[in-house]
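J.: Below is the structure I would like to discuss, written out as structure tokens.
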Amino acid sequence: MLASHQPLYDDLKPPVVRFAPSPTGYLHIGGARTALFNFLYARHHGGTFLLRIEDTDRARSTEAAIRAILDSLDWLGLTPDRPVLFQSSRAERHAAVAQELLAAGGAYRCYATPEELEAMREQARAEGRAPHYDRRWRDRTDWPEGKPYAVRLKAPLEGEVTVHDQVQGPVTVANAELDDFILLRSDGTPTYMLSVVVDDHDMGVTHVIRGDDHLSNTHRQLALIRALGWPEPVYAHVPMIHGPDGAKLSKRHGAVGVEAYRDAMGILPEALENYLLRLGWGHGNTELVSRAEAIALFDLAGVGRSPARFDQAKLLSVNAHYMKQADDRRLLHLVLPRIAARIGREPTEAEADLLLRSMAELKARAQDLNALADSAHYLFVPRPILMDASAAKLLDAAGRSRLARVRAEAETLGVWHREALESLAKAVAEAEGVGLGKVAGPIRAALTGTTVSPSVFGILEVLGREESLGRIDDALARGQD
């Protein structure tokens, strides 16, 4: 066993898990689910959740992507238990491990040129073999002086390696199918395979929970771990998320980044968390699961082996549930910027107060923050309000007549609250010999300019007597034009 490096942390509670995204773009919805599963596993077992940014690919890693990933995790409330570790800061440690393994005989120098490597791949393909390196430098010591070399792992040539995966079950690969992969490139920089193994070891990671697209790497990483004589983590490879058509989730299926669900679609973080939790994990028929319940219930035994299919309609249904449960002031804070974007100005304090008083009614019908902003639009429009074509049709001669009757009755109404207003409208409908909708429809059109809104009597109550009667007067005057 090679000498272990001083652990990065000395006070971690096991199990220790990590989420390790590469900052080459937004946080993919699949990555968010992986982070969530790691977080919940740690919390369920009283362990530690760590975050590592694998930014060694300097050409593709960007500060903007790092910020986007961290912001998305923060929005979801997936806070690591230690400061974020940036893999690029540990290149010297990675290289030192490779050199130590080289000195111990577990790795070797490879002087193969790019041209030779390409020729090997072409020959392997022509012979129907995997395009692996042919190990020509594995046992040589006639090293050309002064020439750069890569450092390759001296992987086992016989036998097999089994991953006892907590989700997939035992997965065995013959060592003959693996290759002597590169640990250090000829310029001295470490590869991903080396960096991941060293960082997991030094961070004290006991359980690696990640997407099953990494399963093919795990057998190779185990070969390196065993060559180093280090403890082997427990592995759990979670199936990928697919689109409704069964193909791997991609941009053609719609939004795939967490930011898009937050910013463009107006999804609440607790709703996205709940939906992602149930996307590949289950506990009986339970669909709606709070964070506290998820921590109490989550374990790897509940993770399925088959890919889950993303259903946006289901997500919106879950989000509608959490919209109803959300604090009114919190929703006010979240929706005001969307309203400002729609009306081209910042809402006034009086308008914000009006929206807050309307929130209980509005949120009960909204699937997301965008729908909430749309349904609240009538609160912020100047008089006389614009009316869409469908609403205008409700104000035909019969509609205006009923609206005028409501107006006259409402003028003398002693108490302006929804129950009294609804009773008034019912009385008008009965007197007119029509259903309540024939009276409520013209009122809604006059108050909102649309045919879709929360309860018209709730709107009347929130707008108040003066504003409500003013909008009705505007609508009646419009009908006379």
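All residue names refer to the structure tokens as shown: chains lettered A, B, ... in order, residues numbered from 1 in each chain, ligands numbered from 1 in order.
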Can you pull out the residues contacting range 377-382 of chain A? Cut-off 12 Å, using only C-alpha atoms, and skip same-chain residues under 2 positions away; I want them as a ChimeraX atom specification.
T.: /A:335-336,338-359,362,370-375,384-387,444-454,456,459-460,462-464,467-468,470-471,474
J.: Would you mind listing what lies within 8 Å of Asn274 in chain A as number ranges by chain, with only C-alpha atoms counted and same-chain residues fewer than 2 positions away left out?
T.: A: 270-272, 276-278, 288-291, 318
J.: Any chance you can output those residues with N, CA and C atoms as a PDB file, in the first residue's frame?
T.:
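Result saved to out-v5.pdb:
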```
ATOM      1  N   GLU A 270     -38.792  23.419  -3.914  1.00  0.00           N
ATOM      2  CA  GLU A 270     -39.295  22.242  -3.207  1.00  0.00           C
ATOM      3  C   GLU A 270     -40.080  21.328  -4.130  1.00  0.00           C
ATOM      4  N   ALA A 271     -40.713  21.913  -5.145  1.00  0.00           N
ATOM      5  CA  ALA A 271     -41.454  21.095  -6.111  1.00  0.00           C
ATOM      6  C   ALA A 271     -40.501  20.320  -7.007  1.00  0.00           C
ATOM      7  N   LEU A 272     -39.460  20.992  -7.493  1.00  0.00           N
ATOM      8  CA  LEU A 272     -38.488  20.302  -8.329  1.00  0.00           C
ATOM      9  C   LEU A 272     -37.787  19.208  -7.538  1.00  0.00           C
ATOM     10  N   LEU A 276     -37.902  15.334  -8.608  1.00  0.00           N
ATOM     11  CA  LEU A 276     -36.661  14.606  -8.889  1.00  0.00           C
ATOM     12  C   LEU A 276     -36.480  13.415  -7.950  1.00  0.00           C
ATOM     13  N   LEU A 277     -36.892  13.587  -6.708  1.00  0.00           N
ATOM     14  CA  LEU A 277     -36.813  12.479  -5.750  1.00  0.00           C
ATOM     15  C   LEU A 277     -37.605  11.283  -6.250  1.00  0.00           C
ATOM     16  N   ARG A 278     -38.808  11.542  -6.751  1.00  0.00           N
ATOM     17  CA  ARG A 278     -39.675  10.456  -7.204  1.00  0.00           C
ATOM     18  C   ARG A 278     -39.315   9.963  -8.603  1.00  0.00           C
ATOM     19  N   LEU A 288     -46.101  12.913  -2.904  1.00  0.00           N
ATOM     20  CA  LEU A 288     -45.708  14.200  -2.342  1.00  0.00           C
ATOM     21  C   LEU A 288     -44.915  13.961  -1.072  1.00  0.00           C
ATOM     22  N   VAL A 289     -43.642  14.362  -1.108  1.00  0.00           N
ATOM     23  CA  VAL A 289     -42.718  14.055  -0.016  1.00  0.00           C
ATOM     24  C   VAL A 289     -41.981  15.327   0.375  1.00  0.00           C
ATOM     25  N   SER A 290     -42.085  15.738   1.612  1.00  0.00           N
ATOM     26  CA  SER A 290     -41.376  16.916   2.094  1.00  0.00           C
ATOM     27  C   SER A 290     -39.899  16.589   2.294  1.00  0.00           C
ATOM     28  N   ARG A 291     -39.084  17.616   2.483  1.00  0.00           N
ATOM     29  CA  ARG A 291     -37.654  17.393   2.736  1.00  0.00           C
ATOM     30  C   ARG A 291     -37.460  16.533   3.985  1.00  0.00           C
ATOM     31  N   VAL A 318     -47.149  18.684  -9.487  1.00  0.00           N
ATOM     32  CA  VAL A 318     -46.477  18.734  -8.185  1.00  0.00           C
ATOM     33  C   VAL A 318     -46.240  20.182  -7.776  1.00  0.00           C
TER      34      VAL A 318
END
```
J.: Could you tell me how far CA of Pro337 in chain A lies from CA of Glu466 in chain A, in Å and to one decimal?
T.: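 Computed distance, CA of Pro337 in chain A to CA of Glu466 in chain A, equals 27.5 Å.
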J.: Between A:Val163, A:Val84, A:Ala236, A:Ile182, single out the one closest to Tyr41 in chain A, counting only C-alpha atoms.
T.: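 Selected residue with least distance to Tyr41 in chain A: A:Ala236.
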J.: Let me make sure I understand: among A:Ala176, A:Leu268, A:Ile53, A:Ala155, which one has the smallest atom-to-atom distance to Ser88 in chain A if we use only C-alpha atoms?
T.: A:Ile53
J.: At a cut-off of 12 Å, using only C-alpha atoms, what residues contact Ala408 in chain A? Leave out same-chain residues fewer than 3 positions from it and give the result as a list in words.
T.: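 After dropping sequence-adjacent residues, the list is Ser401, Arg402, Leu403, Ala404, Arg405, Glu411, Thr412, Leu413, Leu424, Ala425, Val428, Leu469, Ile472 and Asp473 of chain A.
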J.: Write the residues you've just listed into a file as a tab-separated table (two decimals), in the first residue's frame, and include N, CA, C and O atoms for each of them.
T.:
```tsv
chain	number	residue	atom	x	y	z
A	401	SER	N	-76.56	44.44	-20.07
A	401	SER	CA	-77.78	44.63	-19.29
A	401	SER	C	-77.65	44.02	-17.90
A	401	SER	O	-78.00	44.64	-16.89
A	402	ARG	N	-77.13	42.81	-17.84
A	402	ARG	CA	-76.95	42.15	-16.54
A	402	ARG	C	-75.88	42.84	-15.71
A	402	ARG	O	-76.01	42.98	-14.49
A	403	LEU	N	-74.82	43.30	-16.38
A	403	LEU	CA	-73.75	44.00	-15.68
A	403	LEU	C	-74.28	45.31	-15.09
A	403	LEU	O	-73.94	45.68	-13.96
A	404	ALA	N	-75.14	46.02	-15.87
A	404	ALA	CA	-75.70	47.28	-15.37
A	404	ALA	C	-76.58	47.02	-14.15
A	404	ALA	O	-76.61	47.81	-13.19
A	405	ARG	N	-77.32	45.91	-14.17
A	405	ARG	CA	-78.18	45.58	-13.03
A	405	ARG	C	-77.34	45.27	-11.79
A	405	ARG	O	-77.69	45.70	-10.68
A	411	GLU	N	-74.26	49.31	-5.86
A	411	GLU	CA	-74.12	50.69	-5.40
A	411	GLU	C	-74.69	50.86	-3.99
A	411	GLU	O	-74.16	51.63	-3.18
A	412	THR	N	-75.73	50.13	-3.72
A	412	THR	CA	-76.42	50.28	-2.43
A	412	THR	C	-76.05	49.18	-1.43
A	412	THR	O	-76.63	49.11	-0.34
A	413	LEU	N	-75.11	48.33	-1.81
A	413	LEU	CA	-74.73	47.21	-0.93
A	413	LEU	C	-74.10	47.75	0.34
A	413	LEU	O	-73.16	48.55	0.30
A	424	LEU	N	-75.64	38.78	-4.14
A	424	LEU	CA	-76.21	39.78	-5.05
A	424	LEU	C	-76.25	39.25	-6.47
A	424	LEU	O	-77.27	39.37	-7.17
A	425	ALA	N	-75.14	38.66	-6.93
A	425	ALA	CA	-75.07	38.13	-8.30
A	425	ALA	C	-76.06	36.99	-8.50
A	425	ALA	O	-76.70	36.88	-9.56
A	428	VAL	N	-79.48	38.46	-9.00
A	428	VAL	CA	-79.64	39.00	-10.35
A	428	VAL	C	-79.85	37.87	-11.35
A	428	VAL	O	-80.72	37.95	-12.23
A	469	LEU	N	-66.42	49.28	-9.04
A	469	LEU	CA	-67.49	50.00	-9.72
A	469	LEU	C	-66.93	50.86	-10.86
A	469	LEU	O	-67.57	51.01	-11.91
A	472	ILE	N	-66.38	48.56	-13.79
A	472	ILE	CA	-67.67	48.21	-14.39
A	472	ILE	C	-68.20	49.38	-15.21
A	472	ILE	O	-68.72	49.20	-16.33
A	473	ASP	N	-68.07	50.60	-14.70
A	473	ASP	CA	-68.50	51.79	-15.44
A	473	ASP	C	-67.72	51.92	-16.77
A	473	ASP	O	-68.30	52.25	-17.80
```
J.: Quick check, in Å to one decimal: how far apart do CA of Val258 in chain A and CA of His207 in chain A lie?
T.: 24.8 Å
J.: Which polymer residues have any atom within 9 Å of an atom of Thr218 in chain A, counting only C-alpha atoms, with same-chain residues fewer than 4 positions away left out, as number ranges by chain?
T.: A: 163, 214, 222-223, 235
J.: Selection from above, N, CA and C atoms, as a PDB file, in the first residue's frame, can you write it?
T.:
```pdb
ATOM      1  N   VAL A 163     -17.923  -5.014  -9.534  1.00  0.00           N
ATOM      2  CA  VAL A 163     -18.466  -3.894  -8.767  1.00  0.00           C
ATOM      3  C   VAL A 163     -19.749  -4.389  -8.104  1.00  0.00           C
ATOM      4  N   HIS A 214     -21.320   6.487 -15.613  1.00  0.00           N
ATOM      5  CA  HIS A 214     -19.964   6.363 -15.057  1.00  0.00           C
ATOM      6  C   HIS A 214     -19.604   4.912 -14.725  1.00  0.00           C
ATOM      7  N   LEU A 222     -11.390   1.085  -9.985  1.00  0.00           N
ATOM      8  CA  LEU A 222     -11.091   0.070  -8.974  1.00  0.00           C
ATOM      9  C   LEU A 222      -9.713  -0.551  -9.187  1.00  0.00           C
ATOM     10  N   ALA A 223      -9.332  -0.722 -10.443  1.00  0.00           N
ATOM     11  CA  ALA A 223      -7.998  -1.255 -10.719  1.00  0.00           C
ATOM     12  C   ALA A 223      -6.926  -0.327 -10.157  1.00  0.00           C
ATOM     13  N   TYR A 235     -20.216   1.604  -4.209  1.00  0.00           N
ATOM     14  CA  TYR A 235     -20.698   2.284  -5.414  1.00  0.00           C
ATOM     15  C   TYR A 235     -22.198   2.078  -5.592  1.00  0.00           C
TER      16      TYR A 235
END
```
J.: So which bits of range 80-219 of chain A end up helix (DSSP H, G or I) when you DSSP the backbone, as a VMD selection string?
T.: chain A and resid 87 to 103 114 to 126 175 to 177 192 to 203 212 to 219
J.: Write out as a list in words each polymer residue whose atoms come within 8 Å of Glu461 in chain A, counting only C-alpha atoms; drop sequence neighbours fewer than 6 positions from it.
T.: Trp416, His417 and Arg418 of chain A
J.: Filtering to C-alpha atoms, could you give me those residues as a compact mmCIF listing (two decimals), in the first residue's frame?
T.:
```
# COMPACT_ATOMS: atom_id res chain seq x y z
CA TRP A 416 -68.56 44.88 0.51
CA HIS A 417 -67.40 41.32 0.99
CA ARG A 418 -67.46 38.27 -1.23
```
J.: Write out as an NGL selection string which residues come within 7 Å of Gly266 in chain A when counting only C-alpha atoms, dropping same-chain ones fewer than 5 positions away.
T.: :A and (261 or 368-370)
J.: Output the selection as a compact mmCIF listing (two decimals), in the first residue's frame - all heavy atoms for each residue.
T.:
```
# COMPACT_ATOMS: atom_id res chain seq x y z
N TYR A 261 -35.77 25.79 -15.18
CA TYR A 261 -36.96 25.50 -14.38
C TYR A 261 -37.22 26.61 -13.37
O TYR A 261 -38.37 26.95 -13.08
CB TYR A 261 -36.82 24.15 -13.69
CG TYR A 261 -36.89 23.01 -14.68
CD1 TYR A 261 -35.74 22.48 -15.26
CD2 TYR A 261 -38.12 22.50 -15.07
CE1 TYR A 261 -35.82 21.47 -16.20
CE2 TYR A 261 -38.21 21.48 -16.00
CZ TYR A 261 -37.06 20.98 -16.57
OH TYR A 261 -37.14 19.98 -17.52
N ASP A 368 -47.61 27.52 -11.76
CA ASP A 368 -46.23 27.99 -11.64
C ASP A 368 -46.24 29.50 -11.46
O ASP A 368 -47.29 30.14 -11.50
CB ASP A 368 -45.41 27.59 -12.88
CG ASP A 368 -46.03 28.06 -14.17
OD1 ASP A 368 -46.24 29.28 -14.32
OD2 ASP A 368 -46.32 27.22 -15.04
N LEU A 369 -45.06 30.08 -11.27
CA LEU A 369 -44.98 31.52 -11.02
C LEU A 369 -45.38 32.34 -12.23
O LEU A 369 -45.89 33.45 -12.09
CB LEU A 369 -43.55 31.88 -10.58
CG LEU A 369 -43.12 31.34 -9.22
CD1 LEU A 369 -41.64 31.61 -8.98
CD2 LEU A 369 -43.97 31.94 -8.10
N ASN A 370 -45.16 31.81 -13.42
CA ASN A 370 -45.58 32.53 -14.63
C ASN A 370 -47.11 32.62 -14.69
O ASN A 370 -47.66 33.68 -15.00
CB ASN A 370 -45.05 31.83 -15.88
CG ASN A 370 -43.56 31.99 -16.03
OD1 ASN A 370 -42.99 32.99 -15.60
ND2 ASN A 370 -42.91 31.02 -16.62
```
J.: List the spatial neighbours of range 90-94 of chain A as a PDB file with N, CA and C atoms, in the first residue's frame - criterion: any atom at most 7 Å away, only C-alpha atoms, same-chain residues fewer than 3 positions off excluded.
T.:
```pdb
ATOM      1  N   GLN A  87     -11.070  20.807  -7.940  1.00  0.00           N
ATOM      2  CA  GLN A  87     -10.113  19.766  -8.299  1.00  0.00           C
ATOM      3  C   GLN A  87      -8.834  20.337  -8.894  1.00  0.00           C
ATOM      4  N   VAL A  97       0.931  11.228  -6.657  1.00  0.00           N
ATOM      5  CA  VAL A  97       0.463   9.848  -6.481  1.00  0.00           C
ATOM      6  C   VAL A  97       0.887   8.994  -7.673  1.00  0.00           C
ATOM      7  N   ALA A  98       0.762   9.543  -8.871  1.00  0.00           N
ATOM      8  CA  ALA A  98       1.169   8.801 -10.066  1.00  0.00           C
ATOM      9  C   ALA A  98       2.657   8.489 -10.034  1.00  0.00           C
ATOM     10  N   PRO A 190      -2.372  15.546 -14.798  1.00  0.00           N
ATOM     11  CA  PRO A 190      -3.103  14.337 -14.435  1.00  0.00           C
ATOM     12  C   PRO A 190      -4.384  14.191 -15.246  1.00  0.00           C
ATOM     13  N   LEU A 194      -7.318   9.534 -12.755  1.00  0.00           N
ATOM     14  CA  LEU A 194      -6.424   9.637 -11.606  1.00  0.00           C
ATOM     15  C   LEU A 194      -6.974  10.630 -10.591  1.00  0.00           C
ATOM     16  N   SER A 195      -7.369  11.788 -11.048  1.00  0.00           N
ATOM     17  CA  SER A 195      -7.799  12.862 -10.142  1.00  0.00           C
ATOM     18  C   SER A 195      -8.993  12.436  -9.305  1.00  0.00           C
ATOM     19  N   VAL A 198      -7.899   9.915  -6.546  1.00  0.00           N
ATOM     20  CA  VAL A 198      -7.118  10.554  -5.480  1.00  0.00           C
ATOM     21  C   VAL A 198      -8.000  11.457  -4.630  1.00  0.00           C
TER      22      VAL A 198
END
```
J.: Please determine, counting only C-alpha atoms, which residue among A:Leu178, A:Leu476, A:Ala391, A:Leu183 has the shortest atom-to-atom distance to Ser216 in chain A.
T.: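 Answer, going by the shortest atom-to-atom distance: A:Leu178.
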J.: So which residues of range 153-243 of chain A fall under strand (DSSP E) by DSSP, listed as an MDAnalysis selection string?
T.: chainID A and resid 153 160:165 169:174 182:184 207:211 234:238 241:242
J.: Filtering to N, CA, C and O atoms, could you give me those residues as a JSON list (two decimals), in the first residue's frame?
T.:
```json
[["chain", "number", "residue", "atom", "x", "y", "z"],
["A", 153, "LEU", "N", -1.17, 3.14, -15.93],
["A", 153, "LEU", "CA", -1.39, 2.15, -14.90],
["A", 153, "LEU", "C", -1.02, 0.77, -15.43],
["A", 153, "LEU", "O", -1.36, 0.42, -16.55],
["A", 160, "GLU", "N", -10.83, -11.03, -13.14],
["A", 160, "GLU", "CA", -11.94, -10.12, -13.39],
["A", 160, "GLU", "C", -12.14, -9.20, -12.20],
["A", 160, "GLU", "O", -11.60, -9.45, -11.11],
["A", 161, "VAL", "N", -12.87, -8.15, -12.43],
["A", 161, "VAL", "CA", -13.17, -7.20, -11.35],
["A", 161, "VAL", "C", -14.69, -7.03, -11.28],
["A", 161, "VAL", "O", -15.36, -6.88, -12.31],
["A", 162, "THR", "N", -15.22, -7.12, -10.07],
["A", 162, "THR", "CA", -16.66, -7.03, -9.86],
["A", 162, "THR", "C", -16.98, -5.79, -9.03],
["A", 162, "THR", "O", -16.38, -5.56, -7.97],
["A", 163, "VAL", "N", -17.92, -5.01, -9.53],
["A", 163, "VAL", "CA", -18.47, -3.89, -8.77],
["A", 163, "VAL", "C", -19.75, -4.39, -8.10],
["A", 163, "VAL", "O", -20.69, -4.79, -8.79],
["A", 164, "HIS", "N", -19.77, -4.38, -6.79],
["A", 164, "HIS", "CA", -20.96, -4.79, -6.05],
["A", 164, "HIS", "C", -21.84, -3.55, -5.86],
["A", 164, "HIS", "O", -21.88, -2.93, -4.79],
["A", 165, "ASP", "N", -22.54, -3.22, -6.94],
["A", 165, "ASP", "CA", -23.26, -1.97, -7.00],
["A", 165, "ASP", "C", -24.56, -2.02, -6.19],
["A", 165, "ASP", "O", -25.31, -3.00, -6.27],
["A", 169, "GLY", "N", -26.67, -4.00, -8.75],
["A", 169, "GLY", "CA", -26.28, -5.36, -8.39],
["A", 169, "GLY", "C", -24.84, -5.61, -8.81],
["A", 169, "GLY", "O", -24.14, -4.70, -9.27],
["A", 170, "PRO", "N", -24.34, -6.85, -8.71],
["A", 170, "PRO", "CA", -22.95, -7.14, -9.09],
["A", 170, "PRO", "C", -22.75, -7.01, -10.60],
["A", 170, "PRO", "O", -23.53, -7.55, -11.38],
["A", 171, "VAL", "N", -21.73, -6.26, -10.98],
["A", 171, "VAL", "CA", -21.38, -6.08, -12.39],
["A", 171, "VAL", "C", -19.91, -6.47, -12.56],
["A", 171, "VAL", "O", -19.03, -5.85, -11.98],
["A", 172, "THR", "N", -19.68, -7.51, -13.36],
["A", 172, "THR", "CA", -18.33, -8.07, -13.50],
["A", 172, "THR", "C", -17.78, -7.81, -14.90],
["A", 172, "THR", "O", -18.49, -7.96, -15.90],
["A", 173, "VAL", "N", -16.52, -7.45, -14.96],
["A", 173, "VAL", "CA", -15.81, -7.23, -16.23],
["A", 173, "VAL", "C", -14.47, -7.97, -16.15],
["A", 173, "VAL", "O", -13.78, -7.92, -15.13],
["A", 174, "ALA", "N", -14.12, -8.67, -17.22],
["A", 174, "ALA", "CA", -12.83, -9.34, -17.28],
["A", 174, "ALA", "C", -11.72, -8.30, -17.39],
["A", 174, "ALA", "O", -11.85, -7.31, -18.12],
["A", 182, "ILE", "N", -4.01, 6.03, -19.04],
["A", 182, "ILE", "CA", -3.03, 7.05, -18.69],
["A", 182, "ILE", "C", -3.38, 7.70, -17.36],
["A", 182, "ILE", "O", -4.54, 8.06, -17.12],
["A", 183, "LEU", "N", -2.39, 7.85, -16.52],
["A", 183, "LEU", "CA", -2.53, 8.57, -15.26],
["A", 183, "LEU", "C", -2.01, 10.00, -15.39],
["A", 183, "LEU", "O", -2.65, 10.95, -14.93],
["A", 184, "LEU", "N", -0.83, 10.11, -16.00],
["A", 184, "LEU", "CA", -0.23, 11.43, -16.27],
["A", 184, "LEU", "C", 0.04, 11.54, -17.75],
["A", 184, "LEU", "O", 0.64, 10.65, -18.35],
["A", 207, "HIS", "N", -18.89, 6.39, -0.01],
["A", 207, "HIS", "CA", -19.93, 5.93, -0.93],
["A", 207, "HIS", "C", -19.96, 6.85, -2.15],
["A", 207, "HIS", "O", -20.07, 8.08, -2.00],
["A", 208, "VAL", "N", -19.85, 6.27, -3.33],
["A", 208, "VAL", "CA", -19.90, 7.02, -4.58],
["A", 208, "VAL", "C", -21.25, 6.76, -5.23],
["A", 208, "VAL", "O", -21.51, 5.66, -5.73],
["A", 209, "ILE", "N", -22.12, 7.76, -5.19],
["A", 209, "ILE", "CA", -23.45, 7.67, -5.79],
["A", 209, "ILE", "C", -23.45, 8.59, -7.01],
["A", 209, "ILE", "O", -23.31, 9.81, -6.87],
["A", 210, "ARG", "N", -23.59, 8.03, -8.21],
["A", 210, "ARG", "CA", -23.49, 8.83, -9.43],
["A", 210, "ARG", "C", -24.30, 8.17, -10.54],
["A", 210, "ARG", "O", -24.83, 7.07, -10.37],
["A", 211, "GLY", "N", -24.37, 8.83, -11.68],
["A", 211, "GLY", "CA", -25.12, 8.31, -12.81],
["A", 211, "GLY", "C", -24.50, 7.05, -13.37],
["A", 211, "GLY", "O", -23.28, 6.85, -13.30],
["A", 234, "VAL", "N", -18.04, 2.22, -1.55],
["A", 234, "VAL", "CA", -19.26, 1.53, -1.96],
["A", 234, "VAL", "C", -19.82, 2.31, -3.15],
["A", 234, "VAL", "O", -19.89, 3.54, -3.12],
["A", 235, "TYR", "N", -20.22, 1.60, -4.21],
["A", 235, "TYR", "CA", -20.70, 2.28, -5.41],
["A", 235, "TYR", "C", -22.20, 2.08, -5.59],
["A", 235, "TYR", "O", -22.75, 1.02, -5.28],
["A", 236, "ALA", "N", -22.84, 3.12, -6.11],
["A", 236, "ALA", "CA", -24.25, 3.05, -6.47],
["A", 236, "ALA", "C", -24.43, 3.88, -7.73],
["A", 236, "ALA", "O", -24.22, 5.10, -7.71],
["A", 237, "HIS", "N", -24.79, 3.23, -8.83],
["A", 237, "HIS", "CA", -24.94, 3.92, -10.12],
["A", 237, "HIS", "C", -26.42, 4.02, -10.47],
["A", 237, "HIS", "O", -27.10, 3.03, -10.67],
["A", 238, "VAL", "N", -26.88, 5.26, -10.50],
["A", 238, "VAL", "CA", -28.30, 5.57, -10.69],
["A", 238, "VAL", "C", -28.61, 5.66, -12.18],
["A", 238, "VAL", "O", -27.87, 6.32, -12.93],
["A", 241, "ILE", "N", -31.92, 9.77, -16.67],
["A", 241, "ILE", "CA", -33.28, 10.26, -16.89],
["A", 241, "ILE", "C", -33.52, 10.33, -18.40],
["A", 241, "ILE", "O", -32.71, 10.88, -19.14],
["A", 242, "HIS", "N", -34.63, 9.78, -18.84],
["A", 242, "HIS", "CA", -35.00, 9.81, -20.25],
["A", 242, "HIS", "C", -36.16, 10.76, -20.48],
["A", 242, "HIS", "O", -36.90, 11.11, -19.55]]
```
J.: In Å to one decimal, how far is CA of Asn175 in chain A from CA of Ala103 in chain A?
T.: 22.9 Å
